[in-house]
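Structure file protein22.txt (compact mmCIF, C-alpha atoms and all ligand atoms) follows.
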```txt
# COMPACT_ATOMS: atom_id res chain seq x y z
CA MET Q 1 9.82 10.87 26.63
CA LYS Q 2 6.34 9.45 26.21
CA ASN Q 3 5.81 5.74 25.59
CA ILE Q 4 5.94 5.28 21.82
CA LEU Q 5 3.87 2.10 22.01
CA GLU Q 6 0.94 4.29 23.06
CA SER Q 7 1.37 6.70 20.14
CA LYS Q 8 -1.44 7.05 17.62
CA PHE Q 9 0.88 6.11 14.73
CA ILE Q 10 2.09 2.84 16.29
CA GLN Q 11 -1.50 1.94 17.22
CA GLU Q 12 -2.83 2.66 13.71
CA PHE Q 13 0.06 0.81 12.07
CA SER Q 14 -0.19 -2.27 14.33
CA ASN Q 15 -3.98 -2.43 14.14
CA VAL Q 16 -4.14 -2.31 10.36
CA ILE Q 17 -1.41 -4.94 10.03
CA ASP Q 18 -3.31 -7.19 12.43
CA ARG Q 19 -6.53 -6.64 10.47
CA MET Q 20 -4.80 -7.64 7.21
CA TYR Q 21 -3.43 -10.76 8.87
CA LEU Q 22 -6.93 -11.62 10.15
CA ASN Q 23 -8.31 -11.05 6.64
CA GLY Q 24 -6.08 -13.92 5.53
CA TRP Q 25 -4.05 -11.69 3.22
CA ASP Q 26 -0.70 -11.97 4.98
CA GLU Q 27 0.36 -15.51 5.71
CA ARG Q 28 3.83 -16.10 7.15
CA ASN Q 29 6.02 -13.05 6.36
CA ALA Q 30 3.82 -11.81 3.52
CA GLY Q 31 3.17 -8.09 3.26
CA ASN Q 32 4.90 -4.90 4.34
CA VAL Q 33 3.77 -1.43 5.35
CA SER Q 34 5.48 1.96 5.53
CA TYR Q 35 4.19 5.18 7.06
CA LEU Q 36 5.81 8.61 6.72
CA LEU Q 37 5.93 10.23 10.16
CA LEU Q 38 6.19 13.92 10.85
CA GLU Q 39 9.00 15.15 13.07
CA GLU Q 40 6.51 16.89 15.37
CA GLU Q 41 4.50 13.73 15.95
CA LEU Q 42 7.62 11.66 16.58
CA SER Q 43 9.62 14.04 18.80
CA PRO Q 44 7.55 13.52 22.01
CA TYR Q 45 8.45 9.81 21.82
CA LEU Q 46 12.01 9.64 20.50
CA ASP Q 47 15.17 11.67 21.05
CA LEU Q 48 15.78 12.61 17.43
CA SER Q 49 19.21 14.13 18.16
CA LYS Q 50 20.61 10.61 18.58
CA LYS Q 51 22.16 8.77 15.66
CA GLY Q 52 20.86 5.36 14.67
CA ARG Q 53 22.25 2.17 13.16
CA VAL Q 54 23.11 2.68 9.49
CA HIS Q 55 21.21 0.75 6.81
CA GLN Q 56 22.32 1.08 3.19
CA LEU Q 57 19.55 1.77 0.69
CA GLN Q 58 19.33 0.13 -2.74
CA ILE Q 59 17.95 3.26 -4.44
CA ASP Q 60 18.71 6.96 -4.44
CA ALA Q 61 16.24 8.28 -1.88
CA HIS Q 62 17.53 11.86 -1.62
CA LYS Q 63 14.03 13.13 -2.42
CA LEU Q 64 13.03 11.77 0.99
CA ALA Q 65 16.07 13.27 2.78
CA GLY Q 66 15.43 13.79 6.48
CA LYS Q 67 12.08 11.99 6.40
CA TYR Q 68 11.07 9.50 9.08
CA VAL Q 69 9.47 6.22 8.04
CA LEU Q 70 7.80 3.60 10.24
CA VAL Q 71 8.24 0.33 8.35
CA THR Q 72 7.89 -3.41 8.93
CA GLY Q 73 11.02 -5.56 9.25
CA SER Q 74 12.40 -8.05 6.75
CA GLY Q 75 11.09 -11.58 7.30
CA LYS Q 76 8.76 -10.46 10.08
CA TYR Q 77 5.27 -11.91 10.38
CA PHE Q 78 2.20 -9.62 10.32
CA ARG Q 79 0.68 -11.97 12.88
CA ASN Q 80 3.27 -10.82 15.45
CA VAL Q 81 3.38 -7.06 14.85
CA LYS Q 82 0.52 -6.00 17.13
CA GLY Q 83 1.86 -8.05 20.06
CA ASN Q 84 5.35 -6.59 19.71
CA PRO Q 85 5.70 -3.68 17.26
CA GLU Q 86 9.27 -2.94 18.36
CA ALA Q 87 10.57 -6.42 17.50
CA ASN Q 88 8.81 -6.50 14.12
CA SER Q 89 9.07 -2.97 12.75
CA CYS Q 90 11.35 0.04 12.91
CA ILE Q 91 11.52 3.79 12.45
CA ILE Q 92 14.16 4.96 10.01
CA ARG Q 93 15.44 8.40 9.03
CA ILE Q 94 16.60 8.89 5.44
CA SER Q 95 20.05 10.51 5.20
CA GLN Q 96 20.54 13.86 3.48
CA CYS Q 97 22.40 12.20 0.58
CA GLY Q 98 19.71 9.52 0.26
CA THR Q 99 22.13 6.61 0.10
CA HIS Q 100 21.37 5.22 3.55
CA ALA Q 101 18.97 5.39 6.46
CA GLU Q 102 19.45 5.25 10.21
CA ILE Q 103 17.37 2.83 12.25
CA LEU Q 104 16.28 4.96 15.20
CA TRP Q 105 13.85 2.61 16.90
CA GLY Q 106 12.90 -1.08 16.70
CA LEU Q 107 14.62 -4.18 15.27
CA LYS Q 108 17.19 -4.13 18.07
CA GLU Q 109 18.63 -7.54 17.21
CA GLY Q 110 20.31 -6.20 14.09
CA GLU Q 111 17.49 -7.02 11.70
CA VAL Q 112 16.75 -4.77 8.74
CA PRO Q 113 13.66 -3.16 7.16
CA THR Q 114 11.53 -5.07 4.64
CA SER Q 115 13.21 -6.38 1.48
CA GLU Q 116 10.61 -4.30 -0.38
CA LEU Q 117 11.99 -1.07 1.09
CA SER Q 118 13.06 0.13 -2.37
CA THR Q 119 9.49 -0.32 -3.64
CA HIS Q 120 8.14 1.58 -0.65
CA LEU Q 121 10.59 4.48 -0.91
CA SER Q 122 10.19 4.77 -4.71
CA SER Q 123 6.42 4.70 -4.31
CA HIS Q 124 6.49 7.39 -1.59
CA ILE Q 125 8.64 9.58 -3.87
CA ALA Q 126 6.25 9.04 -6.79
CA ARG Q 127 3.08 9.74 -4.78
CA LEU Q 128 4.54 12.84 -3.10
CA GLU Q 129 5.17 14.28 -6.56
CA VAL Q 130 1.43 14.22 -7.25
CA ASP Q 131 -0.01 14.52 -3.73
CA ASP Q 132 1.77 16.33 -0.89
CA THR Q 133 -0.63 14.85 1.67
CA HIS Q 134 0.45 11.29 0.81
CA ARG Q 135 1.86 9.22 3.75
CA VAL Q 136 1.21 5.48 3.58
CA ILE Q 137 2.21 2.55 1.33
CA ILE Q 138 0.79 -0.91 1.99
CA HIS Q 139 1.83 -4.09 0.21
CA THR Q 140 -0.41 -7.08 0.95
CA HIS Q 141 -1.35 -10.40 -0.66
CA ALA Q 142 -5.07 -9.70 -1.07
CA THR Q 143 -6.61 -13.09 -1.84
CA TYR Q 144 -9.30 -12.45 -4.46
CA LEU Q 145 -7.19 -9.95 -6.37
CA ASN Q 146 -4.56 -12.66 -6.65
CA ILE Q 147 -7.14 -15.15 -7.89
CA MET Q 148 -8.54 -12.63 -10.35
CA SER Q 149 -5.04 -11.89 -11.67
CA ALA Q 150 -4.74 -15.58 -12.55
CA VAL Q 151 -7.90 -15.76 -14.63
CA VAL Q 152 -8.58 -12.29 -16.08
CA ASP Q 153 -6.67 -10.66 -18.93
CA LEU Q 154 -4.15 -8.28 -17.33
CA ASP Q 155 -5.35 -5.25 -19.22
CA GLU Q 156 -5.84 -2.22 -16.95
CA LYS Q 157 -8.96 -1.02 -18.71
CA ASN Q 158 -10.74 -4.38 -18.77
CA PHE Q 159 -9.66 -5.25 -15.25
CA THR Q 160 -10.78 -1.89 -13.87
CA LYS Q 161 -14.12 -1.98 -15.67
CA ALA Q 162 -14.82 -5.50 -14.41
CA LEU Q 163 -14.39 -4.10 -10.88
CA TRP Q 164 -16.21 -0.78 -11.41
CA GLY Q 165 -19.22 -2.59 -12.86
CA LEU Q 166 -19.94 -4.66 -9.78
CA ASN Q 167 -20.37 -2.29 -6.87
CA THR Q 168 -21.75 1.24 -6.95
CA GLU Q 169 -19.06 2.66 -4.65
CA ASN Q 170 -16.13 1.50 -6.78
CA ILE Q 171 -15.79 4.22 -9.39
CA ILE Q 172 -16.13 6.77 -6.58
CA ILE Q 173 -13.39 5.18 -4.45
CA PHE Q 174 -10.93 4.46 -7.28
CA PRO Q 175 -11.88 6.67 -10.24
CA GLU Q 176 -8.37 6.36 -11.70
CA GLY Q 177 -8.78 2.56 -11.84
CA ILE Q 178 -6.20 -0.08 -10.94
CA GLY Q 179 -2.67 -0.13 -12.37
CA ILE Q 180 -1.08 -3.44 -13.35
CA ILE Q 181 2.61 -4.25 -13.76
CA PRO Q 182 3.96 -7.41 -15.41
CA TRP Q 183 4.79 -10.36 -13.15
CA GLU Q 184 8.21 -9.68 -11.63
CA ILE Q 185 10.61 -11.08 -9.05
CA PRO Q 186 9.91 -9.37 -5.72
CA GLY Q 187 12.48 -7.38 -3.81
CA ASN Q 188 14.46 -6.24 -6.84
CA GLY Q 189 14.88 -2.77 -8.28
CA LEU Q 190 12.69 -3.39 -11.31
CA ILE Q 191 9.50 -4.20 -9.40
CA GLY Q 192 9.98 -1.03 -7.35
CA LYS Q 193 10.60 1.07 -10.45
CA ASN Q 194 7.59 -0.35 -12.29
CA THR Q 195 5.36 0.14 -9.24
CA ALA Q 196 6.52 3.73 -8.72
CA ASN Q 197 5.81 4.52 -12.38
CA LYS Q 198 2.27 3.21 -12.07
CA ILE Q 199 1.45 4.56 -8.63
CA LYS Q 200 1.73 8.14 -9.85
CA THR Q 201 -1.48 7.55 -11.84
CA TYR Q 202 -3.11 4.73 -9.90
CA LYS Q 203 -3.34 4.75 -6.11
CA ILE Q 204 -3.40 0.95 -6.20
CA VAL Q 205 -1.16 -1.27 -8.32
CA LEU Q 206 -1.65 -5.00 -8.90
CA TRP Q 207 1.31 -7.36 -8.84
CA PRO Q 208 -0.12 -10.36 -10.74
CA LEU Q 209 -0.07 -13.65 -8.82
CA HIS Q 210 1.41 -11.84 -5.84
CA GLY Q 211 -0.59 -8.95 -4.33
CA VAL Q 212 -1.12 -5.22 -4.43
CA VAL Q 213 0.66 -2.01 -3.48
CA ALA Q 214 -1.67 0.75 -2.36
CA SER Q 215 -1.12 4.31 -1.23
CA GLY Q 216 -3.00 6.74 0.95
CA GLU Q 217 -2.93 9.97 2.90
CA THR Q 218 -3.73 7.94 6.00
CA VAL Q 219 -3.50 4.31 7.10
CA ASP Q 220 -7.31 4.16 6.89
CA SER Q 221 -7.47 5.48 3.33
CA ALA Q 222 -4.78 3.08 2.02
CA PHE Q 223 -6.40 0.11 3.76
CA GLY Q 224 -9.92 1.21 2.78
CA LEU Q 225 -8.87 1.34 -0.85
CA ILE Q 226 -7.51 -2.22 -0.74
CA GLU Q 227 -10.65 -3.46 1.05
CA THR Q 228 -12.85 -1.91 -1.62
CA VAL Q 229 -10.91 -3.28 -4.57
CA GLU Q 230 -10.51 -6.69 -2.92
CA LYS Q 231 -14.26 -6.92 -2.27
CA ALA Q 232 -14.97 -6.13 -5.92
CA ALA Q 233 -12.52 -8.89 -6.93
CA MET Q 234 -14.31 -11.30 -4.61
CA MET Q 235 -17.64 -10.37 -6.17
CA TYR Q 236 -16.16 -10.85 -9.63
CA MET Q 237 -14.87 -14.33 -8.84
CA VAL Q 238 -18.17 -15.42 -7.29
CA ILE Q 239 -20.40 -13.87 -9.94
CA ASN Q 240 -18.49 -15.46 -12.78
CA ASN Q 241 -19.95 -18.80 -11.77
CA TYR Q 242 -23.22 -17.54 -13.21
CA SER Q 243 -23.88 -17.29 -16.92
CA ASN Q 244 -26.03 -14.17 -16.85
CA TYR Q 245 -25.44 -11.29 -14.48
CA LYS Q 246 -25.95 -7.54 -14.44
CA THR Q 247 -23.25 -4.92 -14.17
CA ILE Q 248 -23.35 -1.14 -13.88
CA ASN Q 249 -23.12 0.08 -17.48
CA ASP Q 250 -20.97 2.92 -18.84
CA GLU Q 251 -23.80 5.42 -18.85
CA GLU Q 252 -24.56 4.68 -15.21
CA LEU Q 253 -20.86 4.82 -14.27
CA ILE Q 254 -20.58 8.28 -15.82
CA LYS Q 255 -23.68 9.45 -13.92
CA LEU Q 256 -22.22 8.06 -10.69
CA ALA Q 257 -18.89 9.78 -11.18
CA SER Q 258 -20.64 13.04 -11.93
CA ALA Q 259 -22.93 12.76 -8.88
CA PHE Q 260 -19.92 12.20 -6.60
CA LYS Q 261 -17.71 14.71 -8.42
CA VAL Q 262 -14.88 12.31 -9.28
CA THR Q 263 -13.10 12.15 -12.62
CA PRO Q 264 -12.81 8.60 -13.93
CA ASN Q 265 -9.80 7.58 -15.98
CA LYS Q 266 -10.48 8.90 -19.48
CA GLU Q 267 -8.60 5.99 -21.04
CA PHE Q 268 -11.19 3.62 -19.59
CA ILE Q 269 -14.49 5.43 -19.96
CA LYS Q 270 -15.75 8.43 -21.92
ZN ZN Q 301 4.63 -9.72 -1.26
```
Show how you would write the structure in this file as C-alpha cells.
Ligand SMILES: [Zn+2]
Amino acid sequence: MKNILESKFIQEFSNVIDRMYLNGWDERNAGNVSYLLLEEELSPYLDLSKKGRVHQLQIDAHKLAGKYVLVTGSGKYFRNVKGNPEANSCIIRISQCGTHAEILWGLKEGEVPTSELSTHLSSHIARLEVDDTHRVIIHTHATYLNIMSAVVDLDEKNFTKALWGLNTENIIIFPEGIGIIPWEIPGNGLIGKNTANKIKTYKIVLWPLHGVVASGETVDSAFGLIETVEKAAMMYMVINNYSNYKTINDEELIKLASAFKVTPNKEFIK
C-alpha cells in the first residue's frame, strides 16, 4: 500500500484547511470539511476489504451507500490538521442501508467525525441530485460574512445584490446568488435539513452569525467560492463607511452575465 499521507486528496484537504485557519476563519474547533473520494483513488492507499469501526449516523444516508468520505473529526482544530491529518480527520464508508458508517482510517483514539456530519451528508445528497460531479462540502466561519449577517437584512435577493454589485467577478462566480437559512442551533437535524434544501439552488449557504456552507466539484472550487463571497463581504463592510459609493448596476450585471455565459438567478435580476 502507498503512503496515504502523500496522496493528492489528503494533501489538498490538509492544505485548504490550513489556509482557512490562516485566514482567521477557523478559530479553535470551528469549521469542518468533507470530501467524497472515489474507490479507485483510495484503493492504492487503503485495504478496502477490511471492515472499520462502526459510527451511527443521525440521518438516512442510503443515497450515499458505499461512498467514501474524508471528513474532519469532532472537536478537532483546523490548526492541527496539516501537521497530523490522521489524528484530526478520518475516512468513512457509508453502509448500504445508510444508517451507519465505518471509520476506515484516522481518529484511532475512538473519536468520531464532525458533529456537523448530518449537514455534510445531507448537503452531498442534495448537490449530487443536481450535479453528478459534486464532491466537496466546506463549513467555515468566514469573518466578514459573519459581520455582514449581523448588519444586513437577511433577504437573499438584497444580500446577493449587495455582493454582486461590488466586484466584477462576483456574478460570474456565483450567478445563483447566496442562500440564507434562519439562525439555528448547530449540529442538529434542522440546520442540516435547511442547508440541504438551500444548497440545491445555491452553491453557498449563509448561516447567520455563524458561517457558511459551500459546495464544489473540487476542493479548489469550494474554497474559491468562499474566498470570492467573503472578499465581497469584506468590501461591503469597508465601503459602507462611506456615504456615496458606486456599485455595478443591474444593466451592467446582465451584460456581464451574458459576456461570461452564466445565468443569474431570475428571482434577483431580470
Ligand atoms: Zn460552525
Problem - Pairwise distance for CA of Arg19 in chain Q and CA of Phe78 in chain Q, rounded to one decimal in Å - result: 9.2 Å
Exercise for the section: Check the smallest atom-to-atom distance from each of Q:Ser243, Q:Asn265, Q:Asn167, Q:Thr114 to Gly179 in chain Q using only C-alpha atoms, then report the winner. Expected result: Q:Asn265
Check which residues of chain Q sit at most 12 Å from ligand ZN 301 (chain Q) using all atoms listed in the file, and return one row each with the closest pair of atoms and their distance in Å to one decimal, ordered by chain and rising number, as a Markdown table.
```
| residue | atom | partner | partner_atom | distance |
| --- | --- | --- | --- | --- |
| Q:Trp25 | CA | Q:ZN301 | ZN | 10.0 |
| Q:Asp26 | CA | Q:ZN301 | ZN | 8.5 |
| Q:Glu27 | CA | Q:ZN301 | ZN | 10.0 |
| Q:Arg28 | CA | Q:ZN301 | ZN | 10.6 |
| Q:Asn29 | CA | Q:ZN301 | ZN | 8.4 |
| Q:Ala30 | CA | Q:ZN301 | ZN | 5.3 |
| Q:Gly31 | CA | Q:ZN301 | ZN | 5.0 |
| Q:Asn32 | CA | Q:ZN301 | ZN | 7.4 |
| Q:Val33 | CA | Q:ZN301 | ZN | 10.6 |
| Q:Ser74 | CA | Q:ZN301 | ZN | 11.3 |
| Q:Gly75 | CA | Q:ZN301 | ZN | 10.9 |
| Q:Tyr77 | CA | Q:ZN301 | ZN | 11.9 |
| Q:Phe78 | CA | Q:ZN301 | ZN | 11.8 |
| Q:Thr114 | CA | Q:ZN301 | ZN | 10.2 |
| Q:Ser115 | CA | Q:ZN301 | ZN | 9.6 |
| Q:Glu116 | CA | Q:ZN301 | ZN | 8.1 |
| Q:Leu117 | CA | Q:ZN301 | ZN | 11.6 |
| Q:Thr119 | CA | Q:ZN301 | ZN | 10.8 |
| Q:His120 | CA | Q:ZN301 | ZN | 11.8 |
| Q:Ile138 | CA | Q:ZN301 | ZN | 10.1 |
| Q:His139 | CA | Q:ZN301 | ZN | 6.5 |
| Q:Thr140 | CA | Q:ZN301 | ZN | 6.1 |
| Q:His141 | CA | Q:ZN301 | ZN | 6.0 |
| Q:Ala142 | CA | Q:ZN301 | ZN | 9.7 |
| Q:Thr143 | CA | Q:ZN301 | ZN | 11.7 |
| Q:Asn146 | CA | Q:ZN301 | ZN | 11.1 |
| Q:Trp183 | CA | Q:ZN301 | ZN | 11.9 |
| Q:Glu184 | CA | Q:ZN301 | ZN | 11.0 |
| Q:Ile185 | CA | Q:ZN301 | ZN | 9.9 |
| Q:Pro186 | CA | Q:ZN301 | ZN | 6.9 |
| Q:Gly187 | CA | Q:ZN301 | ZN | 8.6 |
| Q:Asn188 | CA | Q:ZN301 | ZN | 11.8 |
| Q:Ile191 | CA | Q:ZN301 | ZN | 11.0 |
| Q:Gly192 | CA | Q:ZN301 | ZN | 11.9 |
| Q:Leu206 | CA | Q:ZN301 | ZN | 11.0 |
| Q:Trp207 | CA | Q:ZN301 | ZN | 8.6 |
| Q:Pro208 | CA | Q:ZN301 | ZN | 10.6 |
| Q:Leu209 | CA | Q:ZN301 | ZN | 9.7 |
| Q:His210 | CA | Q:ZN301 | ZN | 6.0 |
| Q:Gly211 | CA | Q:ZN301 | ZN | 6.1 |
| Q:Val212 | CA | Q:ZN301 | ZN | 8.0 |
| Q:Val213 | CA | Q:ZN301 | ZN | 9.0 |
```
Exercise for the section: For Leu36 in chain Q, list every protein, DNA or RNA residue within 10 Å, evaluated using only C-alpha atoms, and leave out those in the same chain fewer than 6 positions away; present the list as a ChimeraX atom specification. Expected result: /Q:9,64,67-71,91-93,121,124,134-137,217-218
Handout entry: Best match for closeness to Ser89 in chain Q among Q:Asn240, Q:Asn3, Q:Ser14, Q:Ser123, counting only C-alpha atoms
Key =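 Under the stated criterion, the closest residue is Q:Ser14.
As for CA of Asp18 in chain Q and CA of Lys2 in chain Q, they are spaced 23.7 Å apart.
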Completion exercise
What separates CA of Ile173 in chain Q and CA of Val238 in chain Q is a distance of 21.3 Å
Exercise for the section: Using all atoms listed in the file, find the one residue out of Q:Glu252, Q:Asp60, Q:Glu227, Q:Asp220 that sits nearest to Leu145 in chain Q. Expected result: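 Going through Q:Glu252, Q:Asp60, Q:Glu227, Q:Asp220 one by one, the smallest distance to Leu145 in chain Q is for Q:Glu227.
Near Ile180 in chain Q, within 9 Å and counting only C-alpha atoms, sit Leu154, Asp155, Glu156, Phe159, Thr195, Lys198, Ile204, Val205, Leu206, Trp207 and Pro208 of chain Q; same-chain residues fewer than 5 positions away were not included.
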Handout entry: For His100 in chain Q: contacts at 6 Å, only C-alpha atoms, fewer than 3 positions along chain excluded, given as a ChimeraX atom specification
Key = /Q:55-57,95
Write the residues you've just listed into a file as a PDB file, in the coordinates of the input, and include C-alpha atoms for each of them.
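The result, stored in result_36.pdb:
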```pdb
ATOM      1  CA  HIS Q  55      21.210   0.750   6.810  1.00  0.00           C
ATOM      2  CA  GLN Q  56      22.320   1.080   3.190  1.00  0.00           C
ATOM      3  CA  LEU Q  57      19.550   1.770   0.690  1.00  0.00           C
ATOM      4  CA  SER Q  95      20.050  10.510   5.200  1.00  0.00           C
TER       5      SER Q  95
END
```
Problem - Nearest candidate to Gly189 in chain Q (options Q:Leu22, Q:Ala222, Q:Gln58, Q:Glu230; using all atoms listed in the file) - result: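 For Gly189 in chain Q, the nearest of the given residues is Q:Gln58.
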Handout entry: Exercise: residues within 12 Å of coordinate (-24.2, -4.1, -15.4), counting only C-alpha atoms, as a list in words
Key = Lys161, Ala162, Leu163, Trp164, Gly165, Leu166, Asn167, Thr168, Tyr236, Ile239, Asn244, Tyr245, Lys246, Thr247, Ile248, Asn249, Asp250, Glu251, Glu252 and Leu253 of chain Q
Saved selection, atoms kept: C-alpha atoms, as a PDB file, keeping the file's coordinate frame:
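The resulting out39.pdb:
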```pdb
ATOM      1  CA  LYS Q 161     -14.120  -1.980 -15.670  1.00  0.00           C
ATOM      2  CA  ALA Q 162     -14.820  -5.500 -14.410  1.00  0.00           C
ATOM      3  CA  LEU Q 163     -14.390  -4.100 -10.880  1.00  0.00           C
ATOM      4  CA  TRP Q 164     -16.210  -0.780 -11.410  1.00  0.00           C
ATOM      5  CA  GLY Q 165     -19.220  -2.590 -12.860  1.00  0.00           C
ATOM      6  CA  LEU Q 166     -19.940  -4.660  -9.780  1.00  0.00           C
ATOM      7  CA  ASN Q 167     -20.370  -2.290  -6.870  1.00  0.00           C
ATOM      8  CA  THR Q 168     -21.750   1.240  -6.950  1.00  0.00           C
ATOM      9  CA  TYR Q 236     -16.160 -10.850  -9.630  1.00  0.00           C
ATOM     10  CA  ILE Q 239     -20.400 -13.870  -9.940  1.00  0.00           C
ATOM     11  CA  ASN Q 244     -26.030 -14.170 -16.850  1.00  0.00           C
ATOM     12  CA  TYR Q 245     -25.440 -11.290 -14.480  1.00  0.00           C
ATOM     13  CA  LYS Q 246     -25.950  -7.540 -14.440  1.00  0.00           C
ATOM     14  CA  THR Q 247     -23.250  -4.920 -14.170  1.00  0.00           C
ATOM     15  CA  ILE Q 248     -23.350  -1.140 -13.880  1.00  0.00           C
ATOM     16  CA  ASN Q 249     -23.120   0.080 -17.480  1.00  0.00           C
ATOM     17  CA  ASP Q 250     -20.970   2.920 -18.840  1.00  0.00           C
ATOM     18  CA  GLU Q 251     -23.800   5.420 -18.850  1.00  0.00           C
ATOM     19  CA  GLU Q 252     -24.560   4.680 -15.210  1.00  0.00           C
ATOM     20  CA  LEU Q 253     -20.860   4.820 -14.270  1.00  0.00           C
TER      21      LEU Q 253
END
```
